[in-house]
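Reproduced below: input_18.pdb, with PDB, C-alpha atoms and all ligand atoms.
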ATOM      1  CA  MET A 777     121.396  94.087 111.639
ATOM      2  CA  TYR A 778     121.173  97.488 113.318
ATOM      3  CA  LEU A 779     117.961  99.146 114.429
ATOM      4  CA  PHE A 780     117.606 102.953 114.343
ATOM      5  CA  GLN A 781     114.788 105.067 115.657
ATOM      6  CA  GLN A 782     116.439 108.383 114.852
ATOM      7  CA  ALA A 783     117.140 109.834 111.428
ATOM      8  CA  SER A 784     120.225 111.654 112.753
ATOM      9  CA  SER A 785     122.045 108.486 113.879
ATOM     10  CA  LEU A 786     120.951 106.499 110.822
ATOM     11  CA  GLY A 787     122.161 109.345 108.581
ATOM     12  CA  ARG A 788     125.613 109.357 110.217
ATOM     13  CA  THR A 789     125.967 105.580 109.879
ATOM     14  CA  LEU A 790     124.986 105.661 106.214
ATOM     15  CA  GLN A 791     127.314 108.557 105.484
ATOM     16  CA  ALA A 792     130.200 106.514 106.925
ATOM     17  CA  ALA A 793     129.171 103.533 104.792
ATOM     18  CA  ARG A 794     129.143 105.704 101.646
ATOM     19  CA  GLN A 795     132.574 107.105 102.547
ATOM     20  CA  ASN A 796     133.795 103.489 102.747
ATOM     21  CA  GLN A 797     132.615 103.027  99.127
ATOM     22  CA  LEU A 798     129.694 100.811 100.165
ATOM     23  CA  THR A 799     126.592 101.009  97.974
ATOM     24  CA  LEU A 800     123.156 101.303  99.600
ATOM     25  CA  GLY A 801     119.810  99.815  98.575
ATOM     26  CA  PHE A 802     116.676 101.141 100.244
ATOM     27  CA  VAL A 803     113.313  99.389 100.761
ATOM     28  CA  PRO A 804     110.570 101.586 102.299
ATOM     29  CA  THR A 805     107.691  99.658 103.947
ATOM     30  CA  MET A 806     104.865 100.062 106.404
ATOM     31  CA  GLY A 807     105.731  96.786 108.154
ATOM     32  CA  ALA A 808     103.526  93.702 108.717
ATOM     33  CA  LEU A 809     106.045  92.166 106.359
ATOM     34  CA  HIS A 810     105.362  89.230 104.046
ATOM     35  CA  GLU A 811     107.324  87.419 101.339
ATOM     36  CA  GLY A 812     106.578  90.209  98.837
ATOM     37  CA  HIS A 813     108.458  92.690 101.032
ATOM     38  CA  LEU A 814     111.236  90.161 101.649
ATOM     39  CA  ASP A 815     111.668  89.678  97.888
ATOM     40  CA  LEU A 816     112.492  93.400  97.735
ATOM     41  CA  ILE A 817     115.060  93.027 100.539
ATOM     42  CA  ARG A 818     116.657  90.022  98.804
ATOM     43  CA  ALA A 819     116.725  91.851  95.444
ATOM     44  CA  ALA A 820     118.351  94.880  97.105
ATOM     45  CA  LYS A 821     120.941  92.626  98.726
ATOM     46  CA  LYS A 822     121.885  91.219  95.310
ATOM     47  CA  HIS A 823     122.506  94.677  93.845
ATOM     48  CA  TYR A 824     123.975  96.666  96.742
ATOM     49  CA  ASN A 825     126.482  96.169  99.573
ATOM     50  CA  ARG A 826     124.138  97.272 102.337
ATOM     51  CA  VAL A 827     120.329  97.205 102.584
ATOM     52  CA  ILE A 828     118.218  99.664 104.554
ATOM     53  CA  CYS A 829     114.575  98.913 105.309
ATOM     54  CA  SER A 830     112.215 101.459 106.847
ATOM     55  CA  ILE A 831     109.123 100.422 108.781
ATOM     56  CA  PHE A 832     106.811 103.379 109.171
ATOM     57  CA  VAL A 833     103.034 103.487 108.991
ATOM     58  CA  ASN A 834     102.832 106.922 107.424
ATOM     59  CA  PRO A 835      99.817 108.860 108.713
ATOM     60  CA  THR A 836      99.901 111.438 105.882
ATOM     61  CA  GLN A 837      98.988 108.862 103.240
ATOM     62  CA  PHE A 838      95.842 107.609 105.010
ATOM     63  CA  ASN A 839      92.750 109.594 104.097
ATOM     64  CA  ASP A 840      90.669 107.359 106.404
ATOM     65  CA  PRO A 841      91.630 107.452 110.136
ATOM     66  CA  ALA A 842      89.884 104.083 110.729
ATOM     67  CA  ASP A 843      92.083 102.494 108.038
ATOM     68  CA  LEU A 844      95.197 103.906 109.748
ATOM     69  CA  ALA A 845      94.068 102.570 113.147
ATOM     70  CA  LYS A 846      93.375  99.092 111.708
ATOM     71  CA  TYR A 847      96.667  98.836 109.810
ATOM     72  CA  PRO A 848      98.457  95.680 111.111
ATOM     73  CA  ARG A 849     101.601  96.170 113.202
ATOM     74  CA  THR A 850     103.911  93.175 113.835
ATOM     75  CA  ILE A 851     107.307  94.708 114.611
ATOM     76  CA  GLU A 852     108.901  91.744 116.489
ATOM     77  CA  LYS A 853     108.106  89.324 113.690
ATOM     78  CA  ASP A 854     109.182  91.906 111.082
ATOM     79  CA  LEU A 855     112.624  92.329 112.660
ATOM     80  CA  GLU A 856     113.203  88.561 112.703
ATOM     81  CA  ALA A 857     112.175  88.258 109.047
ATOM     82  CA  LEU A 858     114.410  91.189 108.045
ATOM     83  CA  ALA A 859     117.435  89.730 109.837
ATOM     84  CA  CYS A 860     116.912  86.405 107.998
ATOM     85  CA  SER A 861     116.512  88.129 104.620
ATOM     86  CA  GLY A 862     119.734  90.135 104.730
ATOM     87  CA  ALA A 863     118.688  93.639 105.798
ATOM     88  CA  ASP A 864     121.571  95.548 107.402
ATOM     89  CA  TYR A 865     119.848  98.646 108.799
ATOM     90  CA  VAL A 866     116.249  99.087 109.914
ATOM     91  CA  TYR A 867     114.732 102.515 110.450
ATOM     92  CA  PHE A 868     111.705 102.236 112.753
ATOM     93  CA  PRO A 869     110.929 105.831 113.758
ATOM     94  CA  GLU A 870     108.238 107.629 115.703
ATOM     95  CA  VAL A 871     106.066 110.032 113.696
ATOM     96  CA  SER A 872     107.912 113.019 115.241
ATOM     97  CA  ASP A 873     111.252 111.807 113.868
ATOM     98  CA  VAL A 874     109.917 111.665 110.302
ATOM     99  CA  TYR A 875     107.925 114.878 110.637
ATOM    100  CA  PRO A 876     109.723 117.044 113.224
ATOM    101  CA  PRO A 877     107.187 119.457 114.757
ATOM    102  CA  ASN A 878     109.125 122.639 113.873
ATOM    103  CA  SER A 879     109.820 121.843 110.217
ATOM    104  CA  SER A 880     107.506 121.662 107.217
ATOM    105  CA  PRO A 881     107.805 118.603 104.981
ATOM    106  CA  GLU A 882     108.624 118.895 101.289
ATOM    107  CA  THR A 883     105.522 118.435  99.163
ATOM    108  CA  TYR A 884     105.228 117.394  95.534
ATOM    109  CA  GLN A 885     102.383 117.366  93.009
ATOM    110  CA  PHE A 886     101.924 114.524  90.537
ATOM    111  CA  GLY A 887      99.360 116.118  88.196
ATOM    112  CA  ALA A 888      97.241 113.738  86.110
ATOM    113  CA  LEU A 889      99.004 110.728  87.656
ATOM    114  CA  GLU A 890      97.398 111.402  91.028
ATOM    115  CA  SER A 891      93.932 112.310  89.784
ATOM    116  CA  VAL A 892      93.052 108.777  88.605
ATOM    117  CA  LEU A 893      92.589 105.312  90.166
ATOM    118  CA  GLU A 894      93.998 105.294  93.734
ATOM    119  CA  GLY A 895      94.464 109.055  93.596
ATOM    120  CA  ALA A 896      90.802 109.613  92.703
ATOM    121  CA  HIS A 897      89.516 107.179  95.348
ATOM    122  CA  ARG A 898      91.911 108.173  98.135
ATOM    123  CA  PRO A 899      92.251 111.972  97.979
ATOM    124  CA  GLY A 900      95.619 113.173  99.283
ATOM    125  CA  HIS A 901      97.063 109.651  99.332
ATOM    126  CA  PHE A 902      99.885 110.223  96.855
ATOM    127  CA  GLU A 903     100.739 113.605  98.288
ATOM    128  CA  GLY A 904     101.330 111.743 101.578
ATOM    129  CA  VAL A 905     103.350 109.032  99.839
ATOM    130  CA  GLY A 906     105.498 111.656  98.090
ATOM    131  CA  MET A 907     106.016 113.517 101.362
ATOM    132  CA  VAL A 908     107.235 110.482 103.293
ATOM    133  CA  VAL A 909     109.381 109.018 100.521
ATOM    134  CA  ALA A 910     111.062 112.388  99.867
ATOM    135  CA  ARG A 911     111.906 112.600 103.580
ATOM    136  CA  LEU A 912     113.139 108.974 103.704
ATOM    137  CA  LEU A 913     115.275 109.535 100.593
ATOM    138  CA  ARG A 914     116.851 112.644 102.136
ATOM    139  CA  ILE A 915     117.675 110.642 105.273
ATOM    140  CA  THR A 916     119.044 107.552 103.529
ATOM    141  CA  GLU A 917     120.454 108.939 100.223
ATOM    142  CA  PRO A 918     120.498 105.447  98.716
ATOM    143  CA  HIS A 919     122.016 104.328  95.410
ATOM    144  CA  GLY A 920     118.967 102.149  94.700
ATOM    145  CA  LEU A 921     115.271 102.340  95.610
ATOM    146  CA  PHE A 922     113.226  99.116  95.608
ATOM    147  CA  LEU A 923     109.460  99.181  94.998
ATOM    148  CA  GLY A 924     106.846  96.508  94.297
ATOM    149  CA  GLU A 925     104.847  96.380  91.079
ATOM    150  CA  LYS A 926     101.859  95.404  93.268
ATOM    151  CA  ASP A 927     101.456  99.166  93.859
ATOM    152  CA  TYR A 928     101.928 100.093  90.229
ATOM    153  CA  GLN A 929     100.548 103.630  90.391
ATOM    154  CA  GLN A 930     102.780 104.307  93.403
ATOM    155  CA  CYS A 931     105.785 103.199  91.330
ATOM    156  CA  MET A 932     104.895 105.736  88.618
ATOM    157  CA  VAL A 933     104.329 108.472  91.217
ATOM    158  CA  LEU A 934     107.682 107.778  92.873
ATOM    159  CA  LYS A 935     109.433 107.705  89.516
ATOM    160  CA  SER A 936     108.054 111.207  89.028
ATOM    161  CA  LEU A 937     109.191 112.146  92.558
ATOM    162  CA  LEU A 938     112.785 111.126  91.774
ATOM    163  CA  LYS A 939     112.628 113.236  88.639
ATOM    164  CA  GLN A 940     111.179 116.254  90.444
ATOM    165  CA  MET A 941     113.859 115.950  93.140
ATOM    166  CA  GLN A 942     116.396 115.691  90.292
ATOM    167  CA  TRP A 943     117.570 112.440  91.848
ATOM    168  CA  ASP A 944     116.595 110.243  88.897
ATOM    169  CA  THR A 945     120.216 109.919  87.770
ATOM    170  CA  LYS A 946     121.534 109.463  91.301
ATOM    171  CA  VAL A 947     119.057 106.823  92.545
ATOM    172  CA  GLN A 948     118.395 103.704  90.465
ATOM    173  CA  LEU A 949     114.720 102.659  90.620
ATOM    174  CA  HIS A 950     114.128  98.881  90.809
ATOM    175  CA  ILE A 951     110.537  97.703  90.321
ATOM    176  CA  CYS A 952     110.111  94.115  91.549
ATOM    177  CA  PRO A 953     107.383  91.671  90.437
ATOM    178  CA  THR A 954     104.260  91.086  92.538
ATOM    179  CA  ARG A 955     104.606  88.116  94.863
ATOM    180  CA  ARG A 956     101.403  86.031  95.002
ATOM    181  CA  GLU A 957      99.893  83.261  97.099
ATOM    182  CA  SER A 958      99.560  79.906  95.310
ATOM    183  CA  ASN A 959      95.925  80.788  94.421
ATOM    184  CA  GLY A 960      97.043  84.036  92.734
ATOM    185  CA  LEU A 961      96.070  86.475  95.498
ATOM    186  CA  ALA A 962      98.671  89.274  95.638
ATOM    187  CA  MET A 963     100.412  89.242  99.010
ATOM    188  CA  SER A 964      99.499  92.256 101.103
ATOM    189  CA  SER A 965      99.743  93.221 104.767
ATOM    190  CA  ARG A 966      95.998  93.797 104.607
ATOM    191  CA  ASN A 967      95.360  90.111 103.749
ATOM    192  CA  GLN A 968      95.964  89.339 107.439
ATOM    193  CA  ARG A 969      92.533  90.820 108.085
ATOM    194  CA  LEU A 970      90.784  88.417 105.668
ATOM    195  CA  SER A 971      89.199  85.148 106.765
ATOM    196  CA  ALA A 972      90.186  81.924 104.953
ATOM    197  CA  ALA A 973      87.016  82.233 102.856
ATOM    198  CA  GLY A 974      87.822  85.903 102.146
ATOM    199  CA  LYS A 975      91.270  84.896 100.840
ATOM    200  CA  ARG A 976      89.648  82.355  98.513
ATOM    201  CA  HIS A 977      87.153  84.925  97.231
ATOM    202  CA  ALA A 978      89.881  87.541  96.749
ATOM    203  CA  ALA A 979      91.813  85.198  94.428
ATOM    204  CA  LEU A 980      89.109  85.863  91.828
ATOM    205  CA  LEU A 981      90.700  89.276  91.212
ATOM    206  CA  PHE A 982      93.773  87.596  89.729
ATOM    207  CA  GLU A 983      91.677  85.107  87.775
ATOM    208  CA  ILE A 984      89.547  87.820  86.176
ATOM    209  CA  MET A 985      92.557  90.019  85.367
ATOM    210  CA  ASN A 986      94.080  87.005  83.609
ATOM    211  CA  SER A 987      90.864  86.317  81.689
ATOM    212  CA  CYS A 988      91.040  89.893  80.407
ATOM    213  CA  LYS A 989      94.382  89.063  78.770
ATOM    214  CA  ASP A 990      92.639  86.327  76.739
ATOM    215  CA  ARG A 991      89.525  88.351  75.893
ATOM    216  CA  TYR A 992      90.608  91.902  75.239
ATOM    217  CA  GLN A 993      90.799  91.640  71.472
ATOM    218  CA  GLU A 994      87.085  90.713  71.283
ATOM    219  CA  PHE A 995      85.790  93.644  73.372
ATOM    220  CA  SER A 996      86.217  97.372  73.897
ATOM    221  CA  PRO A 997      87.840  98.467  77.202
ATOM    222  CA  ASP A 998      84.432  99.579  78.568
ATOM    223  CA  GLN A 999      82.731  96.322  77.600
ATOM    224  CA  LEU A1000      85.531  94.256  79.133
ATOM    225  CA  SER A1001      85.492  96.283  82.315
ATOM    226  CA  ASP A1002      81.681  95.833  82.625
ATOM    227  CA  TRP A1003      82.098  92.091  82.129
ATOM    228  CA  ALA A1004      84.908  91.915  84.718
ATOM    229  CA  ILE A1005      82.956  93.893  87.354
ATOM    230  CA  HIS A1006      79.886  91.746  86.786
ATOM    231  CA  SER A1007      81.938  88.519  87.068
ATOM    232  CA  LEU A1008      83.654  89.706  90.258
ATOM    233  CA  GLU A1009      80.470  90.872  91.964
ATOM    234  CA  ALA A1010      78.201  88.009  90.837
ATOM    235  CA  GLN A1011      78.707  85.868  93.972
ATOM    236  CA  GLY A1012      78.207  88.798  96.351
ATOM    237  CA  ASN A1013      81.611  88.385  98.054
ATOM    238  CA  ILE A1014      83.459  91.197  96.263
ATOM    239  CA  ARG A1015      82.556  94.855  95.761
ATOM    240  CA  VAL A1016      84.529  96.543  93.005
ATOM    241  CA  GLU A1017      85.632 100.166  93.439
ATOM    242  CA  TYR A1018      87.236 100.391  90.005
ATOM    243  CA  PHE A1019      88.337  97.997  87.299
ATOM    244  CA  SER A1020      90.217 100.038  84.687
ATOM    245  CA  PHE A1021      92.398  99.667  81.659
ATOM    246  CA  ALA A1022      95.026 102.375  81.543
ATOM    247  CA  ASP A1023      98.120 103.427  79.656
ATOM    248  CA  ALA A1024     101.073 101.824  81.468
ATOM    249  CA  THR A1025     103.057 105.073  81.696
ATOM    250  CA  HIS A1026     100.651 107.938  82.420
ATOM    251  CA  LEU A1027      97.800 105.734  83.758
ATOM    252  CA  GLN A1028      95.014 107.552  81.930
ATOM    253  CA  ALA A1029      92.102 105.250  81.020
ATOM    254  CA  VAL A1030      92.032 104.001  77.432
ATOM    255  CA  GLN A1031      88.831 104.081  75.346
ATOM    256  CA  ASN A1032      90.352 101.979  72.549
ATOM    257  CA  TRP A1033      93.134  99.412  72.680
ATOM    258  CA  ASN A1034      95.056 101.135  69.876
ATOM    259  CA  GLU A1035      95.384 104.356  71.909
ATOM    260  CA  SER A1036      98.361 103.052  73.808
ATOM    261  CA  ALA A1037     101.449 100.924  73.162
ATOM    262  CA  SER A1038     101.179  99.279  76.575
ATOM    263  CA  VAL A1039      98.053  98.862  78.704
ATOM    264  CA  ARG A1040      97.654  97.641  82.295
ATOM    265  CA  VAL A1041      94.568  96.451  84.070
ATOM    266  CA  LEU A1042      94.203  97.952  87.558
ATOM    267  CA  VAL A1043      91.621  97.002  90.148
ATOM    268  CA  ALA A1044      90.524  98.069  93.640
ATOM    269  CA  ALA A1045      87.890  95.999  95.421
ATOM    270  CA  TRP A1046      86.500  95.250  98.849
ATOM    271  CA  VAL A1047      86.437  91.723 100.265
ATOM    272  CA  GLU A1048      84.899  91.477 103.732
ATOM    273  CA  ASP A1049      85.900  94.882 105.146
ATOM    274  CA  VAL A1050      89.318  94.918 103.498
ATOM    275  CA  ARG A1051      90.222  97.094 100.518
ATOM    276  CA  LEU A1052      92.529  95.293  98.086
ATOM    277  CA  ILE A1053      94.354  96.522  94.989
ATOM    278  CA  ASP A1054      96.039  94.583  92.211
ATOM    279  CA  ASN A1055      97.167  95.082  88.626
ATOM    280  CA  ALA A1056      98.657  93.233  85.670
ATOM    281  CA  LEU A1057     100.132  93.952  82.269
ATOM    282  CA  LEU A1058      97.607  93.406  79.468
ATOM    283  CA  PHE A1059     100.033  94.091  76.617
TER     284      PHE A1059
HETATM  285  P1  LIG A1101     103.783  98.532 101.993
HETATM  286  O1  LIG A1101     104.398  98.032 103.261
HETATM  287  O2  LIG A1101     102.485  97.877 101.662
HETATM  288  O3  LIG A1101     103.778 100.023 101.894
HETATM  289  O4  LIG A1101     104.759  98.031 100.828
HETATM  290  C1  LIG A1101     106.129  98.326 100.840
HETATM  291  C2  LIG A1101     106.715  97.946  99.499
HETATM  292  O5  LIG A1101     106.515  96.553  99.266
HETATM  293  C3  LIG A1101     106.046  98.689  98.336
HETATM  294  O6  LIG A1101     107.018  99.041  97.377
HETATM  295  C4  LIG A1101     105.075  97.651  97.809
HETATM  296  O7  LIG A1101     104.749  97.834  96.452
HETATM  297  C5  LIG A1101     105.879  96.377  98.011
HETATM  298  N1  LIG A1101     104.980  95.220  98.033
HETATM  299  C6  LIG A1101     103.842  95.077  98.771
HETATM  300  N2  LIG A1101     103.246  93.903  98.476
HETATM  301  C7  LIG A1101     104.005  93.294  97.533
HETATM  302  C8  LIG A1101     103.911  92.050  96.814
HETATM  303  N3  LIG A1101     102.920  91.210  96.996
HETATM  304  N4  LIG A1101     104.890  91.748  95.934
HETATM  305  C9  LIG A1101     105.926  92.617  95.723
HETATM  306  N5  LIG A1101     106.066  93.799  96.360
HETATM  307  C10 LIG A1101     105.127  94.137  97.253
END

What does the file become when written as structure tokens?
Ligand code: AMP
Amino acid sequence: MYLFQQASSLGRTLQAARQNQLTLGFVPTMGALHEGHLDLIRAAKKHYNRVICSIFVNPTQFNDPADLAKYPRTIEKDLEALACSGADYVYFPEVSDVYPPNSSPETYQFGALESVLEGAHRPGHFEGVGMVVARLLRITEPHGLFLGEKDYQQCMVLKSLLKQMQWDTKVQLHICPTRRESNGLAMSSRNQRLSAAGKRHAALLFEIMNSCKDRYQEFSPDQLSDWAIHSLEAQGNIRVEYFSFADATHLQAVQNWNESASVRVLVAAWVEDVRLIDNALLF
């Protein structure tokens, strides 16, 4: 496994690999890696000859400076885990390598997709995600991009990014299933900041999303969302930011189940002082 801190040297290495007919799978991350990330690396390794992983805590996607400062960083452990999982190239840059001081980054707009859910609660977040992923794609020019369904709205935003860059035919998008703890809690770098009790409380998110799958035919989306928020907040350990039912493609909230062919449930909630997100397919 080779470690790069500079886009220029990584770019040259990848260009040589492409010239040798090697295919490239790319997994962008912010580090503090867990089995969910490593699933993406292993999936990429199955599909492509070489796997690139980036570890970069992207400042432009954090609307809250305190959240950026608290984001866990575990680079030594991450590199060991990546080597064991089959990554070939790791890009671990400084901010100035991703955003060189004398150049302006490409920016993209995602319209209605970024005005709901995470976009509504974290203004500027998806603009920052689009900015960094566009830059990382230009550096790596992969054949495949691997994303986790855990961040479902991000997957839809980045699908739109590929289209806007006119790279949707050149880069295959692979969306991998959410890896969970045995109690159902979606793995997340942020879980490291939860206590053992917090992790137990947070598992209720998965339980309630699953209950919605059994109950949705008896209730309207608004009624079901009220019930879910009440159930989550009843013990006083969880504070819900949103609990929404949305069309699986454009992510606009549904008022009736028959408005959409496929609906997802998406939730953001606070446990202790950690903000968690999760989602699941309803139908
Ligand atoms: P992050 O480091 O949180 O930015 O995540 C990097 C990539 O890993 C994103 O595509 C995430 O959606 C994905 N990811 C994060 N957590 C999980 C999980 N529990 N299961 C599957 N993929 C995940």

List all protein, DNA and RNA residues that have at least one atom no more than 10 Å from any atom of ligand LIG 1101 (chain A), counting all atoms listed in the file, and write them as an mmCIF file with C-alpha atoms, in the frame of the given file.
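Output contents, as saved in result_32.cif:
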data_model
loop_
_atom_site.group_PDB
_atom_site.id
_atom_site.type_symbol
_atom_site.label_atom_id
_atom_site.label_comp_id
_atom_site.auth_asym_id
_atom_site.auth_seq_id
_atom_site.Cartn_x
_atom_site.Cartn_y
_atom_site.Cartn_z
ATOM 1 C CA VAL A 803 113.313 99.389 100.761
ATOM 2 C CA PRO A 804 110.570 101.586 102.299
ATOM 3 C CA THR A 805 107.691 99.658 103.947
ATOM 4 C CA MET A 806 104.865 100.062 106.404
ATOM 5 C CA GLY A 807 105.731 96.786 108.154
ATOM 6 C CA ALA A 808 103.526 93.702 108.717
ATOM 7 C CA LEU A 809 106.045 92.166 106.359
ATOM 8 C CA HIS A 810 105.362 89.230 104.046
ATOM 9 C CA GLU A 811 107.324 87.419 101.339
ATOM 10 C CA GLY A 812 106.578 90.209 98.837
ATOM 11 C CA HIS A 813 108.458 92.690 101.032
ATOM 12 C CA LEU A 814 111.236 90.161 101.649
ATOM 13 C CA ASP A 815 111.668 89.678 97.888
ATOM 14 C CA LEU A 816 112.492 93.400 97.735
ATOM 15 C CA ILE A 817 115.060 93.027 100.539
ATOM 16 C CA CYS A 829 114.575 98.913 105.309
ATOM 17 C CA SER A 830 112.215 101.459 106.847
ATOM 18 C CA ILE A 831 109.123 100.422 108.781
ATOM 19 C CA PHE A 832 106.811 103.379 109.171
ATOM 20 C CA VAL A 833 103.034 103.487 108.991
ATOM 21 C CA ASN A 834 102.832 106.922 107.424
ATOM 22 C CA VAL A 905 103.350 109.032 99.839
ATOM 23 C CA LEU A 921 115.271 102.340 95.610
ATOM 24 C CA PHE A 922 113.226 99.116 95.608
ATOM 25 C CA LEU A 923 109.460 99.181 94.998
ATOM 26 C CA GLY A 924 106.846 96.508 94.297
ATOM 27 C CA GLU A 925 104.847 96.380 91.079
ATOM 28 C CA LYS A 926 101.859 95.404 93.268
ATOM 29 C CA ASP A 927 101.456 99.166 93.859
ATOM 30 C CA TYR A 928 101.928 100.093 90.229
ATOM 31 C CA GLN A 929 100.548 103.630 90.391
ATOM 32 C CA GLN A 930 102.780 104.307 93.403
ATOM 33 C CA CYS A 931 105.785 103.199 91.330
ATOM 34 C CA LEU A 934 107.682 107.778 92.873
ATOM 35 C CA HIS A 950 114.128 98.881 90.809
ATOM 36 C CA ILE A 951 110.537 97.703 90.321
ATOM 37 C CA CYS A 952 110.111 94.115 91.549
ATOM 38 C CA PRO A 953 107.383 91.671 90.437
ATOM 39 C CA THR A 954 104.260 91.086 92.538
ATOM 40 C CA ARG A 955 104.606 88.116 94.863
ATOM 41 C CA ARG A 956 101.403 86.031 95.002
ATOM 42 C CA GLU A 957 99.893 83.261 97.099
ATOM 43 C CA LEU A 961 96.070 86.475 95.498
ATOM 44 C CA ALA A 962 98.671 89.274 95.638
ATOM 45 C CA MET A 963 100.412 89.242 99.010
ATOM 46 C CA SER A 964 99.499 92.256 101.103
ATOM 47 C CA SER A 965 99.743 93.221 104.767
ATOM 48 C CA ARG A 966 95.998 93.797 104.607
ATOM 49 C CA ILE A 1053 94.354 96.522 94.989
ATOM 50 C CA ASP A 1054 96.039 94.583 92.211
#

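Applied to the file shown here, the PyMOL selection byres (((chain A and resi 1026-1039) around 10) and not hetatm) selects the residues Ala888, Leu889, Glu890, Ser891, Val892, Leu893, Tyr928, Gln929, Met932, Val933, Tyr992, Gln993, Phe995, Ser996, Pro997, Asp998, Ser1020, Phe1021, Ala1022, Asp1023, Ala1024, Thr1025, Arg1040, Val1041, Leu1042, Ala1056, Leu1057, Leu1058 and Phe1059 of chain A.
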
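In terms of minimum interatomic distance to Ala978 in chain A, A:Asn1013 ranks closest within A:Asn1013, A:Gln999, A:Thr945, A:Asn1055, counting all atoms listed in the file.
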
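Minimum distance to Ala1010 in chain A across A:Leu980, A:Asn986, A:Phe802, A:Gln837 (counting only C-alpha atoms) occurs at A:Leu980.
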
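The space separating CA of Glu983 in chain A from CA of Lys935 in chain A comes to 28.8 Å.
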
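The smallest atom-to-atom distance between Ala1044 in chain A and any of A:Arg969, A:His897, A:Lys939, A:Lys975, using all atoms listed in the file, is found for A:His897.
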
Shell around Leu1008 in chain A at 12 Å using all atoms listed in the file, local window under 3 positions removed, as a ChimeraX atom specification | /A:977-985,987,1001-1005,1011-1019,1043-1047

Next, write the just-selected residues to a file, as a PDB file, in the frame of the given file, keeping C-alpha atoms as the atom set.
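Okay, this is what ended up in again-v5.pdb:
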ATOM      1  CA  HIS A 977      87.153  84.925  97.231  1.00  0.00           C
ATOM      2  CA  ALA A 978      89.881  87.541  96.749  1.00  0.00           C
ATOM      3  CA  ALA A 979      91.813  85.198  94.428  1.00  0.00           C
ATOM      4  CA  LEU A 980      89.109  85.863  91.828  1.00  0.00           C
ATOM      5  CA  LEU A 981      90.700  89.276  91.212  1.00  0.00           C
ATOM      6  CA  PHE A 982      93.773  87.596  89.729  1.00  0.00           C
ATOM      7  CA  GLU A 983      91.677  85.107  87.775  1.00  0.00           C
ATOM      8  CA  ILE A 984      89.547  87.820  86.176  1.00  0.00           C
ATOM      9  CA  MET A 985      92.557  90.019  85.367  1.00  0.00           C
ATOM     10  CA  SER A 987      90.864  86.317  81.689  1.00  0.00           C
ATOM     11  CA  SER A1001      85.492  96.283  82.315  1.00  0.00           C
ATOM     12  CA  ASP A1002      81.681  95.833  82.625  1.00  0.00           C
ATOM     13  CA  TRP A1003      82.098  92.091  82.129  1.00  0.00           C
ATOM     14  CA  ALA A1004      84.908  91.915  84.718  1.00  0.00           C
ATOM     15  CA  ILE A1005      82.956  93.893  87.354  1.00  0.00           C
ATOM     16  CA  GLN A1011      78.707  85.868  93.972  1.00  0.00           C
ATOM     17  CA  GLY A1012      78.207  88.798  96.351  1.00  0.00           C
ATOM     18  CA  ASN A1013      81.611  88.385  98.054  1.00  0.00           C
ATOM     19  CA  ILE A1014      83.459  91.197  96.263  1.00  0.00           C
ATOM     20  CA  ARG A1015      82.556  94.855  95.761  1.00  0.00           C
ATOM     21  CA  VAL A1016      84.529  96.543  93.005  1.00  0.00           C
ATOM     22  CA  GLU A1017      85.632 100.166  93.439  1.00  0.00           C
ATOM     23  CA  TYR A1018      87.236 100.391  90.005  1.00  0.00           C
ATOM     24  CA  PHE A1019      88.337  97.997  87.299  1.00  0.00           C
ATOM     25  CA  VAL A1043      91.621  97.002  90.148  1.00  0.00           C
ATOM     26  CA  ALA A1044      90.524  98.069  93.640  1.00  0.00           C
ATOM     27  CA  ALA A1045      87.890  95.999  95.421  1.00  0.00           C
ATOM     28  CA  TRP A1046      86.500  95.250  98.849  1.00  0.00           C
ATOM     29  CA  VAL A1047      86.437  91.723 100.265  1.00  0.00           C
TER      30      VAL A1047
END
